[in-house]
Structures are given as C-alpha cells and as structure tokens.
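Novice: Starting off with a structure, shown below.
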Amino acid sequence: MTLATLSGSIAALLGVVFIWPQVIRVYAKQSVEGVSGSSHLIGLSGTLMWFTYAISTESTPMLISNANIEIAIIALMVMLVRKRALPLWMPVTVFGVTVLFCVVFSIVAPSVVGITGMLVGTPAILPQVWRAIRTRYLLGISTSSYLLLTSMSVGWFTHGLLIGDAIVSYPNLVLIPSASFIAWKAWSSQRHAARTAVN
C-alpha cells in the first residue's frame, strides 16, 4: 500500500464518520442552536459536486466519503426544516439545481465539476465560522464532529499533495483552521454553559 493510498483511505474513513456526531447531537437534543443552515446548504451542493468529481476520476475513497457526507447533510437538512431554521424550498432547489449542473458538466467537462465543487464546497464552512464567532453558546454543535473534520481535512490535504491533485488538496487550507476554531469555540462555550448551569 502506497502512502497516497493510505492517506486517501484514512481521509475517506474520517469522511465517513466525522459528520455523524453532529447529526446525532442535533437529533438527540432536538436542537439546531448554533448550526448554520447556509453552511449546510452550501455543503449540500458542494458535496454533490465532489461526489460527481469522484465518479469521473474513479476515486473510490472520495466516492465513499462524499456519498456518506451527502446523506448526513440531508439528515441535517430535515432537522433544519423541521425546526424552521430553513424553508423546505431552499434545500430542494439547491439539490435539484446541483444535480442538473453535475449531470450536464460531468458529460461535457468533468474537471469543471471538480473545480466548481472546490469553489463552492470550500467556503461552505465560513457561515458556520461566522455563526460560531457571533453565537455565545453553540449547544447544537458537536465538538467531536469538528475535531474529526479537522483530521479528515489534514488527510485530504496530504492525499491531494501525494497524488498531485490541487483540487483535492488546496480546499483543506481553509477547512483545517476553520474546523479547528469551531471545535474550540463549541467546546469552550458548552463547558461555560455547563458551569453556569451548575451555579
């Protein structure tokens, strides 16, 4: 097994697990407090583009990781709509338009889907960063999800470098510090909320 294969496999494994603590937390707490609907709308679109790019490049690790992430984001969308944090038409429209885009461009120019996925998917975390900055308590945010996202991003960054694919590697230069910040803010705000509740 090469280092590139190993890094891709580790990144894919982390991609399979990183988002599920967030889904579980939202459903267990029945709360989307601190969860950015716009981040997940952008993620819904960007992940579908990454999934399509994985099909066109025949990258099994990316395919597995992004299929799993898309399912988890859809589960989060269901809760965001149920809690009235997003109107139903928004995720339905974003998903439909993205599917149409992916179908057309995967036939015409698959690299366009990958580049667009990078341009759309990379800033998907930024609305969540902004929400973390301006929200006092991130009770709906899973610290472990964002720690796993940080680790996954390190894995994809390394994998992208090893296979010489900038589309895979460079987005993680935004994701690594952003996910690290959200994890820290969620951990510290939840710890503070727990101490305040005890007093």
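Every chain in the structure tokens takes a letter, A first, then B, and so on in the order presented; its residues are numbered from 1, and the ligands are numbered from 1 following the presented order.
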Could you name the residues that touch Ala75 (chain A) at 10 Å or less, counting only C-alpha atoms, but leaving out those on the same chain fewer than 5 positions away, as a VMD selection string?

Specialist: chain A and resid 20 23 to 24 26 to 27 69 to 70 80

Novice: Write a file of the just-selected residues containing C-alpha atoms, as a compact mmCIF listing (two decimals), in the first residue's frame.

Specialist:
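The result, written out as again-v5.txt:
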```txt
# COMPACT_ATOMS: atom_id res chain seq x y z
CA TRP A 20 -22.39 11.74 12.25
CA VAL A 23 -26.30 14.56 13.16
CA ILE A 24 -26.69 12.51 16.35
CA VAL A 26 -28.98 17.57 16.59
CA TYR A 27 -31.46 14.69 16.73
CA ILE A 69 -21.46 13.19 3.83
CA GLU A 70 -24.33 13.94 1.43
CA LEU A 80 -33.23 22.35 9.98
```

Novice: Excluding same-chain residues fewer than 4 positions from Tyr170 (chain A), what lies within 9 Å of it counting only C-alpha atoms, as a PDB file with C-alpha atoms, in the first residue's frame?

Specialist:
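Produced file around_16.pdb, reproduced below:
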```pdb
ATOM      1  CA  MET A 118     -13.811  23.229  -4.759  1.00  0.00           C
ATOM      2  CA  THR A 122     -14.515  25.198   0.368  1.00  0.00           C
ATOM      3  CA  PHE A 157      -4.672  17.757   2.125  1.00  0.00           C
ATOM      4  CA  GLY A 160      -4.041  15.637  -2.603  1.00  0.00           C
ATOM      5  CA  LEU A 161      -0.365  16.562  -2.316  1.00  0.00           C
ATOM      6  CA  ASP A 165      -4.280  16.940  -7.347  1.00  0.00           C
ATOM      7  CA  ALA A 166      -4.666  20.563  -6.223  1.00  0.00           C
ATOM      8  CA  VAL A 174      -9.401  26.773   4.599  1.00  0.00           C
TER       9      VAL A 174
END
```

Novice: Please identify all polymer residues within 9 Å of region 90-97 of chain A, counting only C-alpha atoms, omitting same-chain residues fewer than 4 positions from it, and present them as an mmCIF file with N, CA and C atoms, in the first residue's frame.

Specialist:
```cif
data_model
loop_
_atom_site.group_PDB
_atom_site.id
_atom_site.type_symbol
_atom_site.label_atom_id
_atom_site.label_comp_id
_atom_site.auth_asym_id
_atom_site.auth_seq_id
_atom_site.Cartn_x
_atom_site.Cartn_y
_atom_site.Cartn_z
ATOM 1 N N LEU A 41 -26.442 24.247 3.486
ATOM 2 C CA LEU A 41 -26.975 24.371 2.118
ATOM 3 C C LEU A 41 -25.829 24.365 1.111
ATOM 4 N N ILE A 42 -24.789 25.139 1.401
ATOM 5 C CA ILE A 42 -23.624 25.173 0.514
ATOM 6 C C ILE A 42 -22.970 23.790 0.491
ATOM 7 N N LEU A 44 -24.430 20.939 0.967
ATOM 8 C CA LEU A 44 -25.301 20.045 0.202
ATOM 9 C C LEU A 44 -24.925 20.075 -1.274
ATOM 10 N N SER A 45 -24.690 21.271 -1.791
ATOM 11 C CA SER A 45 -24.315 21.446 -3.191
ATOM 12 C C SER A 45 -22.877 21.016 -3.454
ATOM 13 N N LEU A 48 -22.204 17.223 -3.316
ATOM 14 C CA LEU A 48 -22.724 16.541 -4.507
ATOM 15 C C LEU A 48 -21.769 16.715 -5.691
ATOM 16 N N ILE A 74 -28.227 15.700 4.251
ATOM 17 C CA ILE A 74 -29.676 15.608 4.018
ATOM 18 C C ILE A 74 -30.401 15.377 5.348
ATOM 19 N N MET A 77 -30.505 18.630 7.021
ATOM 20 C CA MET A 77 -31.488 19.486 6.347
ATOM 21 C C MET A 77 -32.904 19.190 6.845
ATOM 22 N N VAL A 81 -35.170 22.034 8.542
ATOM 23 C CA VAL A 81 -36.504 22.370 8.020
ATOM 24 C C VAL A 81 -37.562 22.141 9.105
ATOM 25 N N LEU A 86 -34.781 26.658 8.224
ATOM 26 C CA LEU A 86 -34.741 26.811 6.768
ATOM 27 C C LEU A 86 -36.111 26.464 6.199
ATOM 28 N N PHE A 101 -26.704 20.588 -12.786
ATOM 29 C CA PHE A 101 -25.360 21.066 -13.119
ATOM 30 C C PHE A 101 -24.384 19.898 -13.246
ATOM 31 N N CYS A 102 -24.420 18.993 -12.263
ATOM 32 C CA CYS A 102 -23.484 17.858 -12.247
ATOM 33 C C CYS A 102 -23.692 16.924 -13.431
#
```

Novice: Give me the residues within 10 Å of region 177-189 of chain A as a PyMOL selection string, counting only C-alpha atoms and dropping any in the same chain fewer than 2 places off.

Specialist: chain A and resi 34+123+125-126+128-133+135-151+153+172-175+191-195

Novice: Within region 51-169 of chain A, find each residue whose DSSP state, derived from the backbone, is helix (DSSP H, G or I), and express the selection as a VMD selection string.

Specialist: chain A and resid 51 to 57 60 to 82 89 to 108 110 to 134 143 to 163 166 to 169

Novice: So the first atom is CA of Ile71 (chain A) and the second is CA of Val16 (chain A); what is the distance between them in Å, to one decimal place?

Specialist: 10.2 Å

Novice: What's around Leu13 (chain A) at 12 Å? Count only C-alpha atoms, leave out sequence neighbours fewer than 5 positions away in its own chain, and write the answer as JSON, numbers by chain.

Specialist: {"A": [6, 7, 8, 18, 19, 60, 61, 62, 63, 64, 65, 66, 68, 69, 148, 149, 151, 152, 153, 155, 156]}

Novice: Between CA of Ser106 (chain A) and CA of Gly46 (chain A), measure the distance and give it in Å to one decimal.

Specialist: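 Distance reported for this atom pair: 14.3 Å.
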
Novice: At what distance in Å, to one decimal, does CA of Pro171 (chain A) lie from CA of Gly121 (chain A)?

Specialist: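 Rounded to one decimal, the two atoms are 8.1 Å apart.
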
Novice: Check the smallest atom-to-atom distance from each of A:Ala11, A:Leu3, A:Ala109, A:Val154 to Thr52 (chain A) using only C-alpha atoms, then report the winner.

Specialist: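 Result for the nearest residue to Thr52 (chain A): A:Ala109.
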
Novice: From the list A:Leu88, A:Pro127, A:Leu14, A:Ala54, which residue is nearest His40 (chain A) when using only C-alpha atoms?

Specialist: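 That would be A:Pro127, the residue with the smallest distance to His40 (chain A).
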
Novice: Rank nothing, just name the residue among A:Val78, A:Met49, A:Ile163, A:Ala72 nearest to Val113 (chain A), using only C-alpha atoms.

Specialist: A:Met49
